[in-house]
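Visitor: Handing you a structure now.
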Amino acid sequence: MMMRRVAASLVPPWLEPLLSAHFFTACPLHRDAPRSECNMFCLDCGPASSSFCFYCRSDSHAGHRVIQIRRSSYHDVVRVAEIQKMLDISGVQTYVINSAPVLFLNERPQPRGGGRGGGASAASSSTSSPYTCEICSRSLLDPFRFCSLGCKLAGVKRNSDTTFVLNPGDEEPSDGGGIRDSSSTAAEESKSGRRGRK
Ligand SMILES: [Zn+2]
Ligand SMILES: [Zn+2]
Ligand SMILES: [Zn+2]
């Protein structure tokens, strides 16, 4: 029982599906509705699910742990407030967008050329920071190790001196009520037996 795959214990099963999912497409089931953009992802359905819209959420994911993906300059981000309850995000650079701290899901393509030592053009804004992502070498604003969840995933797989799991060995969700705007969550919580924790 102790001999389970190490990587699996360091990475929640929903993380890779989350990072490879496509967001901000129109939901095929609710195309004509105003909020049909697929910007949500269900951690409980994980690999069995993909991105889905506001309406799919109430139809199929009531009471599940759902996170909402947002967009910054065409890149997918998730709010720190939403993801930090589910995932150990230490080491990942956070950015403030619309006054909320967020993380990028995946590494962003960066302009080639220039880089270290090369750039005669001096156009590379990236040489000013001493901090870089361990995986993709993107320059970081602060002393973090990774630019995104995707790069941290690569880091976890590479040397496993870091983890995504908040409490290794304790698979139990720490609370059932992480999602504020869902009226169905409260009902689901009492059904599954209330936990004393806050
Ligand atoms: Zn839908
Ligand atoms: Zn679900
Ligand atoms: Zn990176």
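Going by the structure tokens order, chains are called A, B, ..., each with residues numbered from 1, while ligands are numbered from 1 in the order shown.
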Could I get the residues of chain A with an atom no further than 7 Å from an atom of ligand 3, each paired with its nearest atom pair and that distance in Å to one decimal, using only C-alpha atoms and all ligand atoms, sorted by chain and residue number, as a Markdown table?
Guide:
```
| residue | atom | partner | partner_atom_place_in_ligand_line | distance |
| --- | --- | --- | --- | --- |
| A:Glu107 | CA | ligand 3 | 1 (Zn) | 5.0 |
| A:Cys133 | CA | ligand 3 | 1 (Zn) | 4.7 |
| A:Glu134 | CA | ligand 3 | 1 (Zn) | 6.6 |
| A:Ile135 | CA | ligand 3 | 1 (Zn) | 5.0 |
| A:Cys136 | CA | ligand 3 | 1 (Zn) | 4.1 |
| A:Ser137 | CA | ligand 3 | 1 (Zn) | 6.0 |
| A:Arg138 | CA | ligand 3 | 1 (Zn) | 5.6 |
| A:Phe146 | CA | ligand 3 | 1 (Zn) | 5.2 |
| A:Cys147 | CA | ligand 3 | 1 (Zn) | 4.2 |
| A:Ser148 | CA | ligand 3 | 1 (Zn) | 5.7 |
| A:Cys151 | CA | ligand 3 | 1 (Zn) | 4.7 |
```
Visitor: For the residues selected in the previous step, produce a file with N, CA and C atoms as a short mmCIF file (atom, residue, chain, number, x, y, z; two decimals), in the first residue's frame.
Guide:
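Now in part-v5.cif:
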```
data_model
loop_
_atom_site.label_atom_id
_atom_site.label_comp_id
_atom_site.auth_asym_id
_atom_site.auth_seq_id
_atom_site.Cartn_x
_atom_site.Cartn_y
_atom_site.Cartn_z
N GLU A 107 2.76 27.78 -18.76
CA GLU A 107 3.84 28.65 -19.18
C GLU A 107 3.41 29.40 -20.43
N CYS A 133 12.15 31.32 -13.88
CA CYS A 133 11.46 30.05 -13.71
C CYS A 133 12.46 28.90 -13.91
N GLU A 134 12.43 27.94 -13.00
CA GLU A 134 13.37 26.81 -13.08
C GLU A 134 13.16 25.97 -14.33
N ILE A 135 11.96 26.00 -14.84
CA ILE A 135 11.63 25.12 -15.96
C ILE A 135 11.77 25.82 -17.30
N CYS A 136 11.14 26.98 -17.45
CA CYS A 136 11.12 27.60 -18.78
C CYS A 136 12.00 28.85 -18.86
N SER A 137 12.62 29.22 -17.75
CA SER A 137 13.53 30.36 -17.72
C SER A 137 12.87 31.72 -17.92
N ARG A 138 11.55 31.75 -17.88
CA ARG A 138 10.90 33.06 -17.93
C ARG A 138 11.34 33.87 -16.72
N PHE A 146 8.74 29.04 -9.96
CA PHE A 146 8.04 28.67 -11.19
C PHE A 146 7.15 29.82 -11.66
N CYS A 147 6.96 29.88 -12.97
CA CYS A 147 6.14 30.96 -13.52
C CYS A 147 4.68 30.60 -13.52
N SER A 148 4.36 29.31 -13.39
CA SER A 148 2.99 28.87 -13.61
C SER A 148 2.80 27.50 -12.96
N CYS A 151 4.60 24.80 -14.99
CA CYS A 151 6.03 24.64 -14.75
C CYS A 151 6.28 24.01 -13.39
#
```
Visitor: Around ligand 2, which protein and nucleic acid residues have at least one atom no more than 12 Å from it, if we count only C-alpha atoms and all ligand atoms? List them as a CSV table (one decimal) with C-alpha atoms, in the first residue's frame.
Guide:
```csv
chain,number,residue,atom,x,y,z
A,14,TRP,CA,-7.3,16.7,-11.6
A,40,MET,CA,-15.2,26.4,-15.2
A,41,PHE,CA,-13.5,23.2,-14.2
A,42,CYS,CA,-14.6,20.5,-11.7
A,43,LEU,CA,-12.0,19.1,-9.4
A,44,ASP,CA,-14.2,16.3,-8.3
A,45,CYS,CA,-14.9,15.1,-11.9
A,46,GLY,CA,-11.3,15.8,-12.8
A,47,PRO,CA,-10.1,13.6,-15.6
A,48,ALA,CA,-13.7,12.6,-16.4
A,49,SER,CA,-14.6,16.2,-17.2
A,50,SER,CA,-13.5,19.1,-19.2
A,51,SER,CA,-14.2,22.8,-19.1
A,52,PHE,CA,-17.9,23.7,-18.9
A,53,CYS,CA,-20.2,26.7,-18.5
A,56,CYS,CA,-23.5,23.0,-16.9
A,57,ARG,CA,-22.3,23.6,-13.5
A,58,SER,CA,-25.7,23.7,-12.0
A,59,ASP,CA,-26.9,20.8,-14.1
A,60,SER,CA,-24.0,18.5,-13.5
A,61,HIS,CA,-21.6,19.7,-10.8
A,62,ALA,CA,-23.8,20.8,-7.9
A,63,GLY,CA,-21.9,20.4,-4.7
A,64,HIS,CA,-18.6,19.7,-6.5
A,65,ARG,CA,-15.5,21.6,-6.1
A,66,VAL,CA,-15.5,23.9,-9.1
A,67,ILE,CA,-12.9,26.6,-9.9
```
Visitor: List as a ChimeraX atom specification the protein and nucleic acid residues near stretch 161-165 of chain A, meaning an atom at most 6 Å away when only C-alpha atoms are counted, but skip any in the same chain fewer than 2 places from it.
Guide: /A:10-11,87-88,156,159,167-168
Visitor: Return as a PyMOL selection string every polymer residue, whether protein, DNA or RNA, with at least one atom no more than 9 Å from an atom of ligand 1; count only C-alpha atoms and all ligand atoms.
Guide: chain A and resi 26-31+33+35-38+52-57+59
Visitor: Which distance in Å separates atom CA of A:Arg145 and atom CA of A:Phe24, to one decimal?
Guide: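 Spanning atom CA of A:Arg145 to atom CA of A:Phe24 is a straight-line distance of 28.2 Å.
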Visitor: Please run DSSP on the backbone and report, as a compact mmCIF listing (two decimals) with N, CA and C atoms, in the first residue's frame, all residues within stretch 42-81 of chain A that come out as strand (DSSP E or B).
Guide:
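Saved as selection.txt:
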```
# COMPACT_ATOMS: atom_id res chain seq x y z
N CYS A 42 -14.16 21.25 -12.93
CA CYS A 42 -14.58 20.53 -11.73
C CYS A 42 -13.46 19.63 -11.22
N PHE A 52 -16.46 23.62 -18.66
CA PHE A 52 -17.91 23.71 -18.89
C PHE A 52 -18.40 25.08 -18.48
N VAL A 66 -15.64 23.33 -7.76
CA VAL A 66 -15.48 23.91 -9.09
C VAL A 66 -14.63 25.17 -8.99
N ILE A 67 -13.68 25.30 -9.88
CA ILE A 67 -12.93 26.55 -9.92
C ILE A 67 -13.22 27.27 -11.23
N GLN A 68 -13.11 28.57 -11.15
CA GLN A 68 -13.38 29.39 -12.32
C GLN A 68 -12.08 29.90 -12.90
N ILE A 69 -11.95 29.75 -14.19
CA ILE A 69 -10.76 30.21 -14.89
C ILE A 69 -11.02 31.60 -15.44
N ARG A 70 -10.06 32.46 -15.34
CA ARG A 70 -10.18 33.81 -15.87
C ARG A 70 -9.11 34.02 -16.92
N ARG A 71 -9.19 35.14 -17.57
CA ARG A 71 -8.28 35.34 -18.65
C ARG A 71 -7.51 36.63 -18.50
N SER A 72 -6.23 36.57 -18.77
CA SER A 72 -5.42 37.77 -18.77
C SER A 72 -4.57 37.75 -20.03
N HIS A 75 -4.27 34.56 -21.75
CA HIS A 75 -3.75 33.41 -21.03
C HIS A 75 -4.69 33.08 -19.87
N ASP A 76 -4.78 31.79 -19.59
CA ASP A 76 -5.69 31.33 -18.55
C ASP A 76 -5.05 31.51 -17.18
N VAL A 77 -5.81 32.10 -16.29
CA VAL A 77 -5.34 32.27 -14.92
C VAL A 77 -6.41 31.79 -13.95
N VAL A 78 -6.00 31.53 -12.75
CA VAL A 78 -6.95 31.16 -11.71
C VAL A 78 -6.63 31.99 -10.48
N ARG A 79 -7.66 32.38 -9.77
CA ARG A 79 -7.42 33.20 -8.59
C ARG A 79 -6.79 32.39 -7.48
```
Visitor: Report, in Å with one decimal, the straight-line distance from atom CA of A:Asp142 to atom CA of A:Gln110.
Guide: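 Atom CA of A:Asp142 sits 17.9 Å away from atom CA of A:Gln110.
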Visitor: I'd like to know which residues of stretch 5-78 of chain A are helix (DSSP H, G or I) (by DSSP, run on the backbone); could you write them as a list in words?
Guide: Val6, Ala7, Ala8, Ser9, Leu10, Leu15, Glu16, Pro17, Leu18, Leu19, Ser20, Gly46, Pro47, Ala48, Phe54, Tyr55, Cys56, Arg57, Ser58, Asp59 and Ser60 of chain A
Visitor: Deliver the residues from the most recent selection as a file, using C-alpha atoms, as a compact mmCIF listing (two decimals), in the first residue's frame.
Guide:
```txt
# COMPACT_ATOMS: atom_id res chain seq x y z
CA VAL A 6 5.15 8.64 -5.98
CA ALA A 7 4.17 11.18 -8.55
CA ALA A 8 0.51 10.47 -7.99
CA SER A 9 0.77 11.30 -4.35
CA LEU A 10 2.39 14.62 -5.15
CA LEU A 15 -4.31 18.89 -12.14
CA GLU A 16 -3.10 17.65 -15.50
CA PRO A 17 -6.62 17.62 -16.97
CA LEU A 18 -7.03 21.17 -15.71
CA LEU A 19 -3.82 22.35 -17.32
CA SER A 20 -4.61 20.72 -20.64
CA GLY A 46 -11.31 15.78 -12.77
CA PRO A 47 -10.12 13.58 -15.61
CA ALA A 48 -13.71 12.62 -16.44
CA PHE A 54 -22.24 28.28 -15.79
CA TYR A 55 -25.34 26.27 -16.69
CA CYS A 56 -23.53 22.96 -16.94
CA ARG A 57 -22.27 23.62 -13.49
CA SER A 58 -25.72 23.74 -11.96
CA ASP A 59 -26.88 20.82 -14.11
CA SER A 60 -24.00 18.45 -13.49
```
Visitor: Would you compute the distance between atom CA of A:Ile97 and atom CA of A:Val80? Give it in Å to one decimal.
Guide: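 That distance, rounded to one decimal, is 10.9 Å.
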Visitor: Compare A:Ile83, A:Ala154, A:Ala21, A:Leu141 by their minimum atom-to-atom distance to A:Tyr95, counting only C-alpha atoms, and give me the closest one.
Guide: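 Result for the nearest residue to A:Tyr95: A:Leu141.
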Visitor: So, with only C-alpha atoms as the atoms that count, which of A:Pro13, A:Phe144, A:Phe23, A:Ser129 lies closest to A:Leu103?
Guide: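 Of all the options, A:Phe144 lies closest to A:Leu103.
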